[in-house]
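This is start-v7.txt (compact mmCIF, C-alpha atoms and all ligand atoms).
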# COMPACT_ATOMS: atom_id res chain seq x y z
CA MET A 1 -36.19 16.18 -1.45
CA ALA A 2 -34.23 14.31 -4.09
CA GLN A 3 -33.29 10.71 -3.30
CA THR A 4 -29.75 10.28 -2.00
CA ILE A 5 -27.18 8.33 -3.96
CA GLN A 6 -25.08 5.74 -2.14
CA GLY A 7 -21.41 4.91 -2.62
CA ILE A 8 -20.52 1.64 -4.35
CA ARG A 9 -20.38 -1.52 -2.22
CA GLY A 10 -16.82 -2.35 -1.18
CA MET A 11 -15.55 1.12 -2.09
CA ASN A 12 -14.94 3.24 0.97
CA ASP A 13 -14.89 6.90 1.81
CA ILE A 14 -11.90 7.73 3.94
CA LEU A 15 -13.28 10.36 6.27
CA PRO A 16 -11.40 13.30 7.81
CA GLN A 17 -11.24 11.66 11.24
CA GLU A 18 -9.22 8.84 9.69
CA GLY A 19 -7.13 11.33 7.72
CA ALA A 20 -4.43 11.78 10.36
CA ARG A 21 -3.67 8.06 10.33
CA TRP A 22 -3.49 7.90 6.54
CA GLN A 23 -1.33 11.02 6.32
CA HIS A 24 1.02 9.77 9.01
CA PHE A 25 1.26 6.43 7.21
CA ASP A 26 2.04 8.22 3.91
CA ALA A 27 4.68 10.40 5.55
CA VAL A 28 6.43 7.45 7.21
CA VAL A 29 6.34 5.50 3.94
CA ARG A 30 7.85 8.38 1.95
CA ASP A 31 10.78 8.78 4.36
CA TRP A 32 11.26 5.04 4.52
CA LEU A 33 11.42 4.66 0.71
CA ALA A 34 13.79 7.60 0.43
CA ALA A 35 16.06 5.92 2.98
CA TYR A 36 16.48 3.00 0.56
CA GLY A 37 16.83 5.04 -2.64
CA TYR A 38 13.51 4.17 -4.28
CA ASN A 39 11.93 6.62 -6.78
CA GLN A 40 8.23 7.09 -7.30
CA ILE A 41 6.45 6.17 -10.52
CA ARG A 42 2.81 7.12 -11.19
CA THR A 43 0.89 5.18 -13.78
CA PRO A 44 -2.76 5.41 -14.88
CA ILE A 45 -5.54 3.60 -13.05
CA VAL A 46 -7.01 2.40 -16.35
CA GLU A 47 -4.98 -0.03 -18.47
CA ALA A 48 -5.64 -2.39 -21.37
CA THR A 49 -7.32 -5.64 -20.29
CA GLN A 50 -4.63 -7.63 -22.11
CA LEU A 51 -1.94 -6.20 -19.83
CA PHE A 52 -3.33 -8.16 -16.87
CA VAL A 53 -4.35 -11.24 -18.85
CA ARG A 54 -0.70 -11.51 -19.91
CA GLY A 55 0.90 -9.92 -16.87
CA VAL A 56 -1.03 -11.53 -14.02
CA GLY A 57 -2.12 -14.73 -15.75
CA GLU A 58 -5.32 -15.95 -17.33
CA HIS A 59 -5.95 -18.63 -14.71
CA THR A 60 -5.71 -16.50 -11.59
CA ASP A 61 -8.44 -15.31 -9.24
CA ILE A 62 -7.76 -11.75 -10.29
CA VAL A 63 -8.23 -12.28 -14.02
CA GLU A 64 -10.86 -15.02 -13.79
CA LYS A 65 -13.23 -13.34 -11.38
CA GLU A 66 -12.06 -10.09 -9.84
CA MET A 67 -11.39 -7.63 -12.65
CA TYR A 68 -13.44 -4.52 -13.29
CA ALA A 69 -13.27 -4.91 -17.06
CA PHE A 70 -15.30 -2.82 -19.46
CA GLU A 71 -15.47 -1.67 -23.01
CA ASP A 72 -14.88 2.01 -23.67
CA SER A 73 -18.23 2.93 -25.16
CA LEU A 74 -16.65 5.61 -27.32
CA ASN A 75 -13.99 3.60 -29.13
CA GLY A 76 -14.54 -0.05 -28.18
CA GLU A 77 -11.20 -0.47 -26.37
CA GLN A 78 -11.11 -3.27 -23.77
CA LEU A 79 -10.07 -1.68 -20.49
CA VAL A 80 -9.81 -2.48 -16.77
CA LEU A 81 -9.50 -0.61 -13.52
CA ARG A 82 -6.09 -1.88 -12.44
CA PRO A 83 -6.31 -4.76 -9.93
CA GLU A 84 -2.61 -4.43 -8.99
CA GLY A 85 0.35 -2.21 -9.77
CA THR A 86 3.19 -4.38 -11.02
CA ALA A 87 1.92 -4.98 -14.55
CA GLY A 88 1.37 -1.25 -15.17
CA CYS A 89 4.76 -0.41 -13.71
CA VAL A 90 6.48 -2.93 -15.98
CA ARG A 91 4.49 -1.70 -18.99
CA ALA A 92 5.57 1.88 -18.32
CA CYS A 93 9.21 0.88 -17.84
CA ILE A 94 9.27 -1.02 -21.12
CA GLU A 95 7.41 1.74 -22.96
CA HIS A 96 9.86 4.39 -21.78
CA GLY A 97 13.01 2.32 -22.29
CA MET A 98 13.89 2.30 -18.59
CA LEU A 99 15.02 -1.29 -18.25
CA TYR A 100 17.47 -2.28 -20.95
CA ASN A 101 21.00 -2.26 -19.50
CA GLN A 102 19.76 -0.27 -16.53
CA THR A 103 18.68 -0.83 -13.00
CA GLN A 104 15.66 0.80 -11.40
CA ARG A 105 14.39 0.98 -7.85
CA LEU A 106 10.78 2.17 -8.03
CA TRP A 107 7.69 2.53 -5.89
CA TYR A 108 4.08 3.50 -6.44
CA THR A 109 0.94 3.98 -4.43
CA GLY A 110 -2.74 4.31 -5.24
CA PRO A 111 -6.11 2.63 -5.47
CA MET A 112 -6.54 -0.90 -6.88
CA PHE A 113 -9.82 -2.55 -7.83
CA ARG A 114 -10.93 -6.13 -7.37
CA HIS A 115 -14.48 -7.45 -7.46
CA GLU A 116 -14.25 -9.47 -4.25
CA ARG A 117 -16.74 -10.14 -1.46
CA PRO A 118 -16.30 -7.13 0.83
CA GLN A 119 -15.39 -7.87 4.46
CA LYS A 120 -13.04 -6.49 7.08
CA GLY A 121 -9.67 -5.91 5.36
CA ARG A 122 -11.03 -6.86 1.94
CA TYR A 123 -12.59 -4.24 -0.29
CA ARG A 124 -13.38 -3.64 -3.95
CA GLN A 125 -11.36 -0.46 -4.03
CA PHE A 126 -8.33 -0.66 -1.78
CA HIS A 127 -4.91 0.99 -1.69
CA GLN A 128 -1.45 -0.42 -2.05
CA VAL A 129 2.10 0.74 -1.76
CA GLY A 130 4.20 -1.29 -4.17
CA VAL A 131 7.95 -1.47 -4.53
CA GLU A 132 9.80 -2.94 -7.54
CA ALA A 133 13.49 -3.35 -8.36
CA PHE A 134 14.61 -4.12 -11.92
CA GLY A 135 17.91 -5.34 -13.28
CA PHE A 136 19.18 -7.07 -10.15
CA ASN A 137 19.69 -10.81 -10.01
CA GLY A 138 19.68 -10.97 -6.24
CA PRO A 139 19.45 -12.45 -3.73
CA ASP A 140 20.73 -9.25 -2.10
CA VAL A 141 17.79 -7.12 -3.36
CA ASP A 142 15.34 -9.84 -2.40
CA ALA A 143 16.75 -9.62 1.11
CA GLU A 144 16.75 -5.82 1.03
CA MET A 145 13.02 -5.81 0.29
CA ILE A 146 12.19 -8.17 3.12
CA VAL A 147 14.43 -6.35 5.58
CA MET A 148 13.09 -2.95 4.59
CA LEU A 149 9.58 -4.14 5.42
CA ALA A 150 10.76 -5.17 8.88
CA ASP A 151 12.18 -1.66 9.15
CA LEU A 152 8.82 -0.18 8.09
CA TRP A 153 6.99 -2.08 10.84
CA ARG A 154 9.46 -0.58 13.31
CA ARG A 155 9.01 2.95 11.91
CA LEU A 156 5.22 2.60 12.07
CA GLY A 157 5.30 1.15 15.57
CA LEU A 158 3.72 -2.18 14.55
CA THR A 159 4.64 -5.38 16.31
CA GLY A 160 3.96 -9.09 16.01
CA LEU A 161 4.18 -9.42 12.22
CA LYS A 162 5.42 -12.75 10.94
CA LEU A 163 7.49 -13.51 7.86
CA GLU A 164 6.93 -16.55 5.67
CA LEU A 165 9.24 -17.52 2.85
CA ASN A 166 9.29 -19.95 -0.01
CA THR A 167 11.15 -20.48 -3.24
CA LEU A 168 9.43 -21.36 -6.50
CA GLY A 169 12.52 -22.28 -8.48
CA ASP A 170 13.02 -21.40 -12.15
CA SER A 171 10.79 -22.26 -15.10
CA VAL A 172 12.46 -25.64 -15.83
CA GLU A 173 12.22 -26.71 -12.20
CA ARG A 174 8.65 -25.52 -12.05
CA ALA A 175 7.80 -27.55 -15.16
CA ALA A 176 9.21 -30.73 -13.61
CA HIS A 177 7.38 -30.06 -10.37
CA ARG A 178 4.21 -29.26 -12.28
CA GLN A 179 4.24 -32.66 -13.97
CA ALA A 180 4.67 -34.44 -10.66
CA LEU A 181 1.96 -32.28 -9.15
CA ILE A 182 -0.53 -32.99 -11.93
CA ALA A 183 0.09 -36.73 -11.50
CA TYR A 184 -0.51 -36.35 -7.77
CA LEU A 185 -3.66 -34.24 -8.20
CA GLU A 186 -5.05 -36.71 -10.75
CA LYS A 187 -4.90 -39.35 -8.04
CA HIS A 188 -6.99 -37.07 -5.79
CA VAL A 189 -9.34 -35.70 -8.40
CA ASP A 190 -12.39 -37.12 -6.57
CA ILE A 191 -11.97 -34.81 -3.61
CA LEU A 192 -11.04 -31.65 -5.54
CA ASP A 193 -13.53 -28.79 -5.47
CA GLU A 194 -14.71 -26.97 -8.56
CA ASP A 195 -11.78 -24.53 -8.59
CA GLY A 196 -9.36 -27.40 -8.08
CA LYS A 197 -10.75 -29.47 -10.93
CA ARG A 198 -10.73 -26.51 -13.26
CA ARG A 199 -7.12 -25.61 -12.41
CA LEU A 200 -5.72 -29.13 -12.33
CA TYR A 201 -4.21 -28.70 -15.80
CA THR A 202 -4.23 -24.93 -16.21
CA ASN A 203 -2.60 -23.91 -12.93
CA PRO A 204 -1.97 -26.90 -10.63
CA LEU A 205 0.28 -24.93 -8.28
CA ARG A 206 -2.66 -22.71 -7.47
CA VAL A 207 -4.72 -25.76 -6.43
CA LEU A 208 -2.38 -25.92 -3.43
CA ASP A 209 -3.19 -22.29 -2.61
CA THR A 210 -6.75 -23.38 -1.73
CA LYS A 211 -8.46 -22.08 1.40
CA ASN A 212 -10.90 -25.06 1.37
CA PRO A 213 -10.42 -26.91 4.70
CA ALA A 214 -11.31 -30.27 3.13
CA LEU A 215 -8.29 -30.02 0.84
CA GLN A 216 -5.65 -29.07 3.39
CA ASP A 217 -4.28 -32.58 4.00
CA MET A 218 -4.11 -33.31 0.30
CA ALA A 219 -2.30 -29.99 -0.33
CA GLU A 220 0.07 -30.54 2.56
CA ASN A 221 1.24 -33.90 1.22
CA ALA A 222 1.62 -32.84 -2.41
CA PRO A 223 5.06 -32.96 -4.07
CA LYS A 224 7.05 -29.94 -2.96
CA LEU A 225 8.86 -27.60 -5.29
CA ALA A 226 11.86 -27.63 -2.99
CA GLU A 227 12.47 -31.25 -4.03
CA PHE A 228 12.91 -30.15 -7.64
CA LEU A 229 15.31 -27.26 -7.16
CA GLY A 230 18.58 -27.20 -9.10
CA GLU A 231 21.83 -25.89 -7.74
CA GLU A 232 21.42 -22.27 -8.81
CA SER A 233 17.96 -21.88 -7.35
CA ARG A 234 19.08 -23.54 -4.17
CA ALA A 235 22.08 -21.20 -3.93
CA HIS A 236 19.83 -18.20 -4.49
CA PHE A 237 17.55 -19.27 -1.69
CA THR A 238 20.30 -20.11 0.79
CA GLY A 239 21.93 -16.76 -0.08
CA LEU A 240 18.67 -15.02 0.76
CA CYS A 241 18.25 -16.91 4.01
CA ARG A 242 21.82 -16.10 5.03
CA LEU A 243 21.26 -12.35 4.57
CA LEU A 244 18.03 -12.53 6.56
CA ASP A 245 19.81 -14.44 9.31
CA ASP A 246 22.56 -11.79 9.33
CA ALA A 247 19.89 -9.13 9.71
CA GLY A 248 18.50 -11.01 12.68
CA LEU A 249 15.10 -11.64 11.11
CA SER A 250 13.16 -14.72 12.02
CA TYR A 251 11.02 -16.40 9.40
CA SER A 252 9.33 -19.66 8.68
CA LEU A 253 9.54 -21.64 5.47
CA ASN A 254 6.13 -22.30 3.99
CA HIS A 255 6.40 -24.59 1.00
CA ARG A 256 2.76 -23.92 0.11
CA LEU A 257 3.29 -20.23 -0.30
CA VAL A 258 2.76 -19.73 -4.03
CA ARG A 259 1.22 -16.23 -4.21
CA GLY A 260 -1.93 -15.33 -6.09
CA LEU A 261 -0.15 -14.08 -9.19
CA ASP A 262 1.37 -16.31 -11.83
CA TYR A 263 4.53 -14.43 -12.57
CA TYR A 264 6.61 -15.19 -9.50
CA ASN A 265 9.76 -17.33 -9.51
CA ARG A 266 12.41 -18.11 -6.91
CA SER A 267 11.90 -16.04 -3.76
CA VAL A 268 8.35 -15.42 -2.56
CA PHE A 269 7.42 -14.00 0.80
CA GLU A 270 4.51 -12.77 2.87
CA TRP A 271 4.30 -10.71 6.03
CA THR A 272 1.25 -11.77 8.02
CA THR A 273 -0.61 -10.88 11.20
CA ASP A 274 -2.95 -12.94 13.36
CA GLN A 275 -4.86 -9.82 14.42
CA LEU A 276 -7.03 -9.25 11.35
CA GLY A 277 -8.90 -12.52 11.04
CA ALA A 278 -8.92 -14.13 7.62
CA GLN A 279 -7.28 -11.12 5.96
CA ALA A 280 -3.91 -12.05 7.39
CA THR A 281 -1.46 -10.91 4.73
CA VAL A 282 -0.36 -7.28 4.97
CA ALA A 283 2.50 -7.38 2.47
CA ALA A 284 3.50 -9.91 -0.13
CA GLY A 285 5.91 -10.20 -2.97
CA GLY A 286 8.76 -12.00 -4.60
CA ARG A 287 10.91 -12.35 -7.66
CA TYR A 288 9.39 -12.26 -11.14
CA ASP A 289 12.28 -12.55 -13.56
CA GLY A 290 10.09 -13.62 -16.49
CA LEU A 291 7.49 -10.85 -16.48
CA VAL A 292 9.34 -8.13 -18.39
CA GLU A 293 9.97 -10.51 -21.29
CA GLN A 294 6.41 -11.81 -21.11
CA LEU A 295 5.17 -8.25 -21.57
CA GLY A 296 7.39 -7.70 -24.61
CA GLY A 297 10.56 -6.26 -23.08
CA LYS A 298 14.08 -7.64 -23.22
CA PRO A 299 14.73 -10.14 -20.39
CA CYS A 300 15.24 -8.27 -17.13
CA PRO A 301 15.33 -9.71 -13.62
CA ALA A 302 12.86 -8.16 -11.20
CA VAL A 303 11.68 -8.41 -7.65
CA GLY A 304 8.97 -6.55 -5.77
CA PHE A 305 6.18 -6.52 -3.25
CA ALA A 306 2.94 -4.76 -2.49
CA MET A 307 1.28 -4.00 0.81
CA GLY A 308 -2.35 -3.30 1.57
CA ILE A 309 -2.73 0.10 3.20
CA GLU A 310 -6.23 -0.53 4.65
CA ARG A 311 -5.00 -3.68 6.39
CA LEU A 312 -2.03 -1.82 7.85
CA ILE A 313 -4.24 1.06 9.01
CA LEU A 314 -6.58 -1.48 10.64
CA LEU A 315 -3.60 -3.06 12.34
CA LEU A 316 -2.34 0.31 13.58
CA GLU A 317 -5.80 0.87 15.08
CA THR A 318 -5.93 -2.62 16.56
CA GLN A 319 -2.54 -2.14 18.18
CA GLY A 320 -3.56 1.30 19.45
CA VAL A 321 -0.77 3.14 17.65
CA ASP A 322 -1.77 6.80 17.62
CA ALA A 323 -0.98 9.05 14.70
CA PRO A 324 0.18 12.56 15.48
CA ARG A 325 -2.69 14.94 14.74
CA ALA A 326 -1.87 17.75 12.33
CA VAL A 327 -2.89 20.95 14.12
CA PRO A 328 -2.68 24.57 13.00
CA ASP A 329 -0.22 26.94 14.64
CA VAL A 330 -2.78 29.71 14.75
CA TYR A 331 -6.55 30.13 14.78
CA LEU A 332 -7.37 33.67 13.78
CA VAL A 333 -10.33 35.11 15.66
CA HIS A 334 -11.86 38.41 14.53
CA ALA A 335 -15.03 40.47 14.88
CA GLY A 336 -15.99 43.66 13.09
CA GLU A 337 -15.65 44.86 9.53
CA ALA A 338 -12.25 46.53 9.80
CA ALA A 339 -11.05 43.57 11.87
CA ALA A 340 -12.12 41.10 9.18
CA ARG A 341 -10.01 42.88 6.54
CA SER A 342 -7.07 43.18 8.89
CA ALA A 343 -7.34 39.47 9.85
CA PHE A 344 -7.50 38.42 6.22
CA ARG A 345 -4.21 40.25 5.55
CA VAL A 346 -2.51 39.00 8.74
CA ALA A 347 -3.46 35.39 7.91
CA ARG A 348 -1.75 35.70 4.54
CA GLU A 349 1.38 37.19 6.10
CA LEU A 350 1.61 34.44 8.70
CA ARG A 351 1.20 31.73 6.06
CA GLU A 352 3.84 33.34 3.87
CA ALA A 353 6.16 33.06 6.86
CA GLY A 354 5.45 29.30 6.90
CA LEU A 355 2.87 29.13 9.68
CA LYS A 356 -0.30 27.01 9.51
CA VAL A 357 -3.24 29.33 9.98
CA VAL A 358 -6.99 28.78 10.14
CA LEU A 359 -8.77 32.06 9.49
CA HIS A 360 -12.17 32.03 11.16
CA ALA A 361 -15.01 32.36 8.69
CA GLY A 362 -18.74 32.67 9.08
CA GLY A 363 -18.96 35.28 11.84
CA GLY A 364 -20.16 34.58 15.38
CA SER A 365 -19.28 35.85 18.86
CA PHE A 366 -15.74 35.78 20.27
CA LYS A 367 -16.92 33.02 22.58
CA SER A 368 -18.09 30.74 19.78
CA GLN A 369 -14.96 31.48 17.79
CA PHE A 370 -12.77 30.52 20.75
CA LYS A 371 -14.63 27.22 21.00
CA LYS A 372 -13.70 26.52 17.40
CA ALA A 373 -10.13 27.63 18.06
CA ASP A 374 -9.86 25.15 20.95
CA ALA A 375 -11.41 22.35 18.92
CA SER A 376 -8.97 22.96 16.05
CA GLY A 377 -6.07 22.09 18.38
CA ALA A 378 -4.27 25.31 17.37
CA HIS A 379 -1.42 26.35 19.67
CA PHE A 380 -2.31 30.05 19.51
CA ALA A 381 -5.28 32.27 18.92
CA VAL A 382 -4.58 35.59 17.27
CA VAL A 383 -7.48 37.90 18.11
CA ILE A 384 -8.28 41.03 16.16
CA GLY A 385 -11.19 43.36 16.95
CA ASP A 386 -11.86 46.73 15.33
CA GLU A 387 -9.75 48.47 18.02
CA GLU A 388 -6.74 46.23 17.33
CA ALA A 389 -7.27 46.69 13.61
CA ALA A 390 -7.10 50.46 14.01
CA ALA A 391 -3.93 50.20 16.10
CA ALA A 392 -2.38 47.51 13.83
CA THR A 393 -2.05 45.21 16.84
CA ALA A 394 -3.43 41.81 17.78
CA ASN A 395 -4.10 39.91 20.96
CA LEU A 396 -1.88 36.84 21.01
CA LYS A 397 -3.26 34.10 23.24
CA ARG A 398 -1.62 30.76 23.97
CA LEU A 399 -4.18 27.94 23.83
CA THR A 400 -2.09 24.87 24.60
CA GLY A 401 0.66 23.78 26.96
CA GLU A 402 1.55 24.88 30.47
CA SER A 403 1.28 28.60 29.75
CA GLY A 404 -2.12 28.09 28.06
CA GLY A 405 -4.31 31.15 28.66
CA ASP A 406 -1.45 33.68 28.67
CA GLN A 407 -2.09 36.61 26.40
CA GLN A 408 -0.47 39.85 25.34
CA VAL A 409 -0.97 42.63 22.86
CA VAL A 410 1.52 42.47 20.01
CA PRO A 411 2.03 44.77 17.02
CA GLN A 412 0.87 42.91 13.91
CA ASN A 413 4.27 43.24 12.27
CA GLU A 414 5.87 41.41 15.21
CA LEU A 415 3.49 38.43 15.17
CA VAL A 416 5.70 36.29 12.94
CA ALA A 417 8.74 36.80 15.15
CA ARG A 418 6.78 36.12 18.35
CA LEU A 419 5.11 33.00 16.97
CA SER A 420 8.32 31.62 15.50
CA ALA A 421 10.15 32.16 18.78
CA ALA A 422 7.37 30.43 20.69
CA ALA A 423 7.19 27.41 18.37
P1 LIG B 1 -5.40 -12.27 -0.45
O1 LIG B 1 -4.82 -13.63 -0.38
O2 LIG B 1 -5.69 -11.67 0.90
O3 LIG B 1 -6.56 -12.18 -1.40
P2 LIG B 1 -3.65 -11.41 -2.57
O4 LIG B 1 -2.65 -12.48 -2.66
O5 LIG B 1 -4.77 -11.40 -3.52
O6 LIG B 1 -4.23 -11.33 -1.06
P3 LIG B 1 -1.80 -9.39 -3.52
O7 LIG B 1 -2.30 -9.39 -4.89
O8 LIG B 1 -0.50 -10.00 -3.21
O9 LIG B 1 -2.94 -9.99 -2.53
O10 LIG B 1 -1.79 -7.88 -2.96
C1 LIG B 1 -0.86 -7.42 -1.98
C2 LIG B 1 -1.55 -6.96 -0.73
O11 LIG B 1 -2.64 -6.11 -1.03
C3 LIG B 1 -2.19 -8.06 0.09
O12 LIG B 1 -1.24 -8.69 0.89
C4 LIG B 1 -3.19 -7.30 0.92
O13 LIG B 1 -2.56 -6.68 2.02
C5 LIG B 1 -3.65 -6.24 -0.05
N1 LIG B 1 -4.94 -6.63 -0.68
C6 LIG B 1 -5.15 -7.51 -1.69
N2 LIG B 1 -6.44 -7.59 -2.01
C7 LIG B 1 -7.08 -6.71 -1.18
C8 LIG B 1 -8.46 -6.32 -1.03
N3 LIG B 1 -9.41 -6.79 -1.82
N4 LIG B 1 -8.75 -5.40 -0.07
C9 LIG B 1 -7.79 -4.89 0.73
N5 LIG B 1 -6.47 -5.21 0.63
C10 LIG B 1 -6.12 -6.12 -0.31
MG MG B 2 -6.80 -12.00 -3.45
Translate this file's structure into structure tokens.
Ligand code: ATP
Ligand code: MG
Amino acid sequence: MAQTIQGIRGMNDILPQEGARWQHFDAVVRDWLAAYGYNQIRTPIVEATQLFVRGVGEHTDIVEKEMYAFEDSLNGEQLVLRPEGTAGCVRACIEHGMLYNQTQRLWYTGPMFRHERPQKGRYRQFHQVGVEAFGFNGPDVDAEMIVMLADLWRRLGLTGLKLELNTLGDSVERAAHRQALIAYLEKHVDILDEDGKRRLYTNPLRVLDTKNPALQDMAENAPKLAEFLGEESRAHFTGLCRLLDDAGLSYSLNHRLVRGLDYYNRSVFEWTTDQLGAQATVAAGGRYDGLVEQLGGKPCPAVGFAMGIERLILLLETQGVDAPRAVPDVYLVHAGEAAARSAFRVARELREAGLKVVLHAGGGSFKSQFKKADASGAHFAVVIGDEEAAAATANLKRLTGESGGDQQVVPQNELVARLSAAA
């Protein structure tokens, strides 16, 4: 026998038994996004490496150590499997002239790729739903995004998620804070780890984002951006907080929340859970007013977030939230040559009428076919033998509910009406 080939570490197969949960999640998400007027955009999985170097930032975990970057062996182009969706979304919007003097409310979903150490809730291929709004200065859209996530948790049946907020100010305020921060970090350079030393001058804000326990006190006492905010940034943030208060959301201010990506300004937020261990963040986002310009477009304010689908699915499992199982209306049982042809035709007619039908295939006794019918979860079995085929009738048997087991002979051309009435 030939040797088997394994999947790639950190890249998961999503098996049919998990399918119901994923499909339910997708369906809830689609309705939810429609309720807020967001339109879907689909962009390629492969993009130019430069897009993320410029769009995410050279001195970020993603670009420094997590990107699946490769050279196209046919034409030498430098490419990556996208690690996140915002940069591609912005690229597409600029390329198709969707931003200048316009507003857009967009969403996307799909696989993302990051070369991380795989563990529960952290994979090398994972899926996100991302939402972006362009052309709005906020803080009303910022608040809308946060509130709509609270609404999504409700729609999904998730509880216990916590909201953390911070503001990063504008670029001038960040520059002033950065200087103070560098001066502070220089005083503590002895205790900094390798990442910290390397980022001291390239990305000092990210030094505070450290997960190293030995650096927590140092990070906690560092100069805070909030102390450098000007009036406009402060007004933006209090405006956001007021809308969240009005919506009855509780949140905590976390001045160390800086987000893994460089392009954020003003509002940043994370929704977290304490039920998934270290992989606590299920959705995260914020404002990134500078990114469109940085990627070559005309200045355009923007705000967005992304959520990790695997983490949310894990949380749904953890909280025991069941997804409705998609079951067929009818399992079509048949035996005999004439019956097989008749069943094939009846199955098509029922489907044309909008019913979900599994047509038995592969032969076998009535008994074994009924076992499969039961296992499929179908509400009805439609049974056709050669006698029924000759008489253009079928045996209609209810499989589920209180009247499960009831059966009657029905002319084939009345099946649709009977089934629709019973549904
Ligand atoms: P973390 O701090 O957990 O590494 P991040 O800041 O890198 O997260 P973002 O880039 O903000 O994550 O992505 C948004 C969301 O996507 C995260 O909140 C998380 O739910 C999910 N996510 C990010 N990386 C992974 C991964 N490797 N596997 C599974 N989900 C992920
Ligand atoms: Mg990360």
Residues of chain A at most 7 Å from ligand LIG 1 (chain B): nearest atom pair and distance in Å, all atoms listed in the file, as JSON lines:
{"residue": "A:Glu84", "atom": "CA", "partner": "B:LIG1", "partner_atom": "O7", "distance": 6.4}
{"residue": "A:Arg114", "atom": "CA", "partner": "B:LIG1", "partner_atom": "N3", "distance": 5.8}
{"residue": "A:Glu116", "atom": "CA", "partner": "B:LIG1", "partner_atom": "N3", "distance": 6.0}
{"residue": "A:Gly121", "atom": "CA", "partner": "B:LIG1", "partner_atom": "C9", "distance": 5.1}
{"residue": "A:Arg122", "atom": "CA", "partner": "B:LIG1", "partner_atom": "N4", "distance": 3.4}
{"residue": "A:Tyr123", "atom": "CA", "partner": "B:LIG1", "partner_atom": "N4", "distance": 4.0}
{"residue": "A:Arg124", "atom": "CA", "partner": "B:LIG1", "partner_atom": "N3", "distance": 5.5}
{"residue": "A:Gln125", "atom": "CA", "partner": "B:LIG1", "partner_atom": "N4", "distance": 6.8}
{"residue": "A:Phe126", "atom": "CA", "partner": "B:LIG1", "partner_atom": "C9", "distance": 4.9}
{"residue": "A:His127", "atom": "CA", "partner": "B:LIG1", "partner_atom": "N5", "distance": 6.8}
{"residue": "A:Gln128", "atom": "CA", "partner": "B:LIG1", "partner_atom": "O11", "distance": 5.9}
{"residue": "A:Arg259", "atom": "CA", "partner": "B:LIG1", "partner_atom": "O4", "distance": 5.6}
{"residue": "A:Gly260", "atom": "CA", "partner": "B:LIG1", "partner_atom": "O4", "distance": 4.5}
{"residue": "A:Leu261", "atom": "CA", "partner": "B:LIG1", "partner_atom": "O7", "distance": 6.7}
{"residue": "A:Gln279", "atom": "CA", "partner": "B:LIG1", "partner_atom": "O2", "distance": 5.3}
{"residue": "A:Ala280", "atom": "CA", "partner": "B:LIG1", "partner_atom": "O2", "distance": 6.7}
{"residue": "A:Thr281", "atom": "CA", "partner": "B:LIG1", "partner_atom": "O12", "distance": 4.4}
{"residue": "A:Val282", "atom": "CA", "partner": "B:LIG1", "partner_atom": "O13", "distance": 3.7}
{"residue": "A:Ala283", "atom": "CA", "partner": "B:LIG1", "partner_atom": "O12", "distance": 4.3}
{"residue": "A:Ala284", "atom": "CA", "partner": "B:LIG1", "partner_atom": "O12", "distance": 5.0}
{"residue": "A:Gly285", "atom": "CA", "partner": "B:LIG1", "partner_atom": "O8", "distance": 6.4}
{"residue": "A:Ala306", "atom": "CA", "partner": "B:LIG1", "partner_atom": "C1", "distance": 4.7}
{"residue": "A:Met307", "atom": "CA", "partner": "B:LIG1", "partner_atom": "C2", "distance": 4.4}
{"residue": "A:Gly308", "atom": "CA", "partner": "B:LIG1", "partner_atom": "O13", "distance": 3.4}
{"residue": "A:Ile309", "atom": "CA", "partner": "B:LIG1", "partner_atom": "O13", "distance": 6.9}
{"residue": "A:Glu310", "atom": "CA", "partner": "B:LIG1", "partner_atom": "C9", "distance": 6.1}
{"residue": "A:Arg311", "atom": "CA", "partner": "B:LIG1", "partner_atom": "O13", "distance": 5.8}
**OP:** Quote the spacing between atom CA of A:His255 and atom CA of A:Leu312 in Å to one decimal place.
**Re:** 25.2 Å
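Remark: for ligand MG 2 (chain B), the closest of the candidate residues A:Asn265, A:Thr60, A:Thr318, A:Thr43 is A:Thr60 (distances computed over only C-alpha atoms and all ligand atoms).
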**OP:** Return the single residue from A:Arg54, A:Lys356, A:Arg155, A:Arg117 that is closest to ligand MG 2 (chain B), with distances computed using all atoms listed in the file.
**Re:**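 Distance minimum relative to ligand MG 2 (chain B) lands on A:Arg117.
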Original post:
What gap, in Å, lies between atom CA of A:Val357 and atom CA of A:Lys372?
Top reply: 13.1 Å
Original post:
So how far away is atom CA of A:Lys162 from atom CA of A:Glu232, in Å?
Top reply: 27.1 Å
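Among the candidate residues A:Trp22, A:Tyr108, A:Phe113, A:Trp32, the one lying nearest to ligand MG 2 (chain B) is A:Phe113, with distances computed using all atoms listed in the file.
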**OP:** Find the residue from A:Gln17, A:Ser420, A:Gln216, A:Thr4 that sits nearest to A:Val330; use all atoms listed in the file when measuring.
**Re:** A:Ser420
**OP:** Quick one: everything within 12 Å of A:Arg199, counting all atoms listed in the file, minus sequence neighbours fewer than 5 positions away in the same chain. Send it as a list in words.
**Re:** Glu58, His59, Thr60, Asp61, Glu64, Arg178, Leu181, Ile182, Leu185, Glu186, Val189, Leu192, Asp193, Glu194, Pro204, Leu205, Arg206, Val207, Leu208, Asp209 and Thr210 of chain A
